[in-house]
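Enquirer: What follows is a structure written as structure tokens; I'll ask about it next.
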Amino acid sequence: MDAYLSPWTDVAAAFARSHGLAILPFGACEQHGPHLPLGTDTITAQAVAAALADRLDATLLPPINYGDTWNNAGYPGTLSLSSATVTAIAVDLGEALAASGAGGLVIVNGDWGNRNPLYTATRSLIASGFPTITLDYPGMDAAIAEVRTSRAAAPGLAHAEEVETSLMLELAPDAVLMERAVSCYPEFPSDFGTAPMQLHRFSPSGVFGDPADATAGKGRAILEATVTASLAVLEDFIGGILRERNGAPHRPHESENAG
């Protein structure tokens with residue numbers, strides 16, 4: 001159920017039944033080269049979240065269209081929130097959901113910069129007694145390895161190249177301007193990936209890799225694998241909510257004991 005398009009009474013009923021999950025896509029307004037939209041991360045997160053909501057009979061929340069995108073802030077159009085703001089938004093929404101009777105919150109994170117602040121929010125909400133989990137696209141890396149034919153610009157880096165272009169060709173083909181697509185394989189410093197740094201210094205276009213081999217079919221395969229893996233990750237999380245709602249003793253989720 002899409003909460004944004006539903007009356008409050010329907011949302012209340014959805015929260016009251018079964019696990020009562022709410023699913024929040026947390027994206028970004030971030031450059032993705034001259035050929036992809038600024039909303040690429042939000043569009044992807046929303047697609048995964050919508051698929052999960054449909055499969056789980058959960059409530060889909062409106063997406064957060066901004067995130068911590070400081071590393072791309074050198075490209076005009078990128079609008080970045082501070083880490084503290086990302087954390088505060090997630091905590092505020094989680095607390096509001098708890099007060100509304102939701103059974104738990106699943107955050108689908110669409111951008112690398114949101115990871116640490118969302119984990120901080122997740123830990124805070126769990127400590128307050130509200131079941132929360134953040135998903136960073138489980139299964140996506142393996143799916144990318146299966147379909148990618150171009151060389152990655154750096155290990156684990158997929159930005160505005162074959163992978164994200166494939167995702168947008170599947171999800172928002174009218175927003176993809178392939179005639180503008182360019183290839184870029186910059187030279188990175190030895191501490192790339194371990195130290196905070198802004199990416200505009202390495203790629204004038206904002207592309208990191210080669211979009212030429214992108215297809216909608218590859219994007220579809222990546223999304224399907226990500227949704228399947230996300231459902232597997234959520235099994236124990238949902239089981240814990242159901243046990244608690246049915247009056248069984250609570251067993252802490254693994255993330256509650258993370259060091």
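Letters for chains follow the order of the structure tokens (A, B, ...), residue numbers begin at 1 for each chain, and ligand numbers begin at 1 in the order shown.
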Which polymer residues have any atom within 7 Å of an atom of A:Gln198, counting only C-alpha atoms, with same-chain residues fewer than 6 positions away left out, as a PyMOL selection string?

Expert: chain A and resi 71-72+74

Enquirer: So that I can check the surroundings of A:Thr122, please list as a PyMOL selection string every protein, DNA and RNA residue that reaches within 7 Å of it, counting only C-alpha atoms and ignoring chain neighbours fewer than 2 positions away.

Expert: chain A and resi 118-120+124-126+132-134

Enquirer: Within 12 Å of A:Arg55, counting only C-alpha atoms, which residues qualify if same-chain residues fewer than 6 places away don't, as a PyMOL selection string?

Expert: chain A and resi 1+21+23+48-49+227-228+230-232+234

Enquirer: Go ahead and save the picked residues with C-alpha atoms, as a PDB file, in the first residue's frame.

Expert:
ATOM      1  CA  MET A   1       0.000   0.000   0.000  1.00  0.00           C
ATOM      2  CA  LEU A  21       5.838  -2.779   8.500  1.00  0.00           C
ATOM      3  CA  ILE A  23       9.152   0.810   4.194  1.00  0.00           C
ATOM      4  CA  VAL A  48      13.186  -1.714  -4.521  1.00  0.00           C
ATOM      5  CA  ALA A  49      11.055  -0.408  -1.647  1.00  0.00           C
ATOM      6  CA  VAL A 227      14.636  -7.669  -4.022  1.00  0.00           C
ATOM      7  CA  THR A 228      15.053 -11.431  -3.583  1.00  0.00           C
ATOM      8  CA  SER A 230      16.375  -8.249   0.631  1.00  0.00           C
ATOM      9  CA  LEU A 231      13.419 -10.529   1.351  1.00  0.00           C
ATOM     10  CA  ALA A 232      15.802 -13.180   2.659  1.00  0.00           C
ATOM     11  CA  LEU A 234      14.150  -9.516   6.305  1.00  0.00           C
TER      12      LEU A 234
END

Enquirer: Would you kindly return, as a list in words, each protein, DNA or RNA residue with an atom no farther than 9 Å from any atom of stretch 28-30 of chain A, considering only C-alpha atoms and excluding same-chain residues fewer than 2 positions away?

Expert: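 Answer for this query is Phe26, His32, Pro37, Leu38, Gly39, Thr40, Asp41, Thr42, Ile64, Asn65, Tyr66, Gly67, Asp68, Thr69, Asn72, Ala73, Tyr75, Gly77, Thr78, Leu79, Ser80, Leu81, Gly110, Asp111 and Asn114 of chain A.
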
Enquirer: Run DSSP on the backbone and grab whatever in stretch 38-119 of chain A lands in strand (DSSP E); send it over as a ChimeraX atom specification.

Expert: /A:59-60,104-109

Enquirer: Of the candidates A:Arg123, A:His19, A:Arg180, A:Arg115, which one gets nearest to A:Asp236 if we count only C-alpha atoms?

Expert: A:His19

Enquirer: List as a PyMOL selection string the protein and nucleic acid residues near A:Ser166, meaning an atom at most 7 Å away when only C-alpha atoms are counted, but skip any in the same chain fewer than 5 places from it.

Expert: chain A and resi 214-216+218-219

Enquirer: How would the residues just picked look written out with N, CA and C atoms as a CSV table (one decimal), in the first residue's frame?

Expert:
chain,number,residue,atom,x,y,z
A,214,ALA,N,25.2,-0.7,-21.2
A,214,ALA,CA,24.0,-0.7,-20.4
A,214,ALA,C,22.8,-1.2,-21.2
A,215,THR,N,21.9,-2.0,-20.6
A,215,THR,CA,20.7,-2.4,-21.1
A,215,THR,C,19.6,-2.5,-20.0
A,216,ALA,N,18.4,-2.4,-20.4
A,216,ALA,CA,17.3,-2.5,-19.5
A,216,ALA,C,17.2,-3.9,-18.9
A,218,LYS,N,19.7,-5.8,-18.1
A,218,LYS,CA,20.7,-5.9,-17.0
A,218,LYS,C,20.1,-5.2,-15.8
A,219,GLY,N,19.5,-4.1,-16.0
A,219,GLY,CA,18.9,-3.4,-14.8
A,219,GLY,C,17.8,-4.2,-14.2

Enquirer: Between A:Ser100, A:Gly193, A:Ala225, A:Asn116, which has the minimum distance to A:Thr9 (counting only C-alpha atoms)?

Expert: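 Looking at the shortest contact to A:Thr9, the residue is A:Ser100.
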
Enquirer: Would you mind listing what lies within 10 Å of A:Ala154 as a PyMOL selection string, with only C-alpha atoms counted and same-chain residues fewer than 6 positions away left out?

Expert: chain A and resi 185-188+192-193+208-209

Enquirer: Any chance you can output those residues with N, CA and C atoms as an mmCIF file, in the first residue's frame?

Expert:
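File produced: result_17.cif:
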data_model
loop_
_atom_site.group_PDB
_atom_site.id
_atom_site.type_symbol
_atom_site.label_atom_id
_atom_site.label_comp_id
_atom_site.auth_asym_id
_atom_site.auth_seq_id
_atom_site.Cartn_x
_atom_site.Cartn_y
_atom_site.Cartn_z
ATOM 1 N N TYR A 185 37.612 6.784 -17.102
ATOM 2 C CA TYR A 185 38.356 5.925 -16.175
ATOM 3 C C TYR A 185 39.496 6.739 -15.574
ATOM 4 N N PRO A 186 39.210 7.465 -14.495
ATOM 5 C CA PRO A 186 40.231 8.345 -13.912
ATOM 6 C C PRO A 186 41.274 7.568 -13.121
ATOM 7 N N GLU A 187 42.369 8.230 -12.849
ATOM 8 C CA GLU A 187 43.381 7.684 -11.954
ATOM 9 C C GLU A 187 43.084 8.184 -10.537
ATOM 10 N N PHE A 188 42.917 7.244 -9.618
ATOM 11 C CA PHE A 188 42.589 7.594 -8.246
ATOM 12 C C PHE A 188 43.833 7.537 -7.368
ATOM 13 N N PHE A 192 42.056 6.228 -2.117
ATOM 14 C CA PHE A 192 40.675 6.331 -2.577
ATOM 15 C C PHE A 192 39.829 5.230 -1.951
ATOM 16 N N GLY A 193 38.685 5.604 -1.431
ATOM 17 C CA GLY A 193 37.806 4.633 -0.780
ATOM 18 C C GLY A 193 38.037 4.491 0.705
ATOM 19 N N PHE A 208 31.947 7.462 -13.924
ATOM 20 C CA PHE A 208 33.085 6.655 -13.470
ATOM 21 C C PHE A 208 32.935 5.253 -14.041
ATOM 22 N N GLY A 209 33.470 5.060 -15.235
ATOM 23 C CA GLY A 209 33.314 3.812 -15.957
ATOM 24 C C GLY A 209 32.767 4.080 -17.339
#

Enquirer: Let me make sure I understand: among A:Ala142, A:Tyr137, A:Glu164, A:Asn246, which one has the smallest atom-to-atom distance to A:Thr226 if we use only C-alpha atoms?

Expert: A:Tyr137
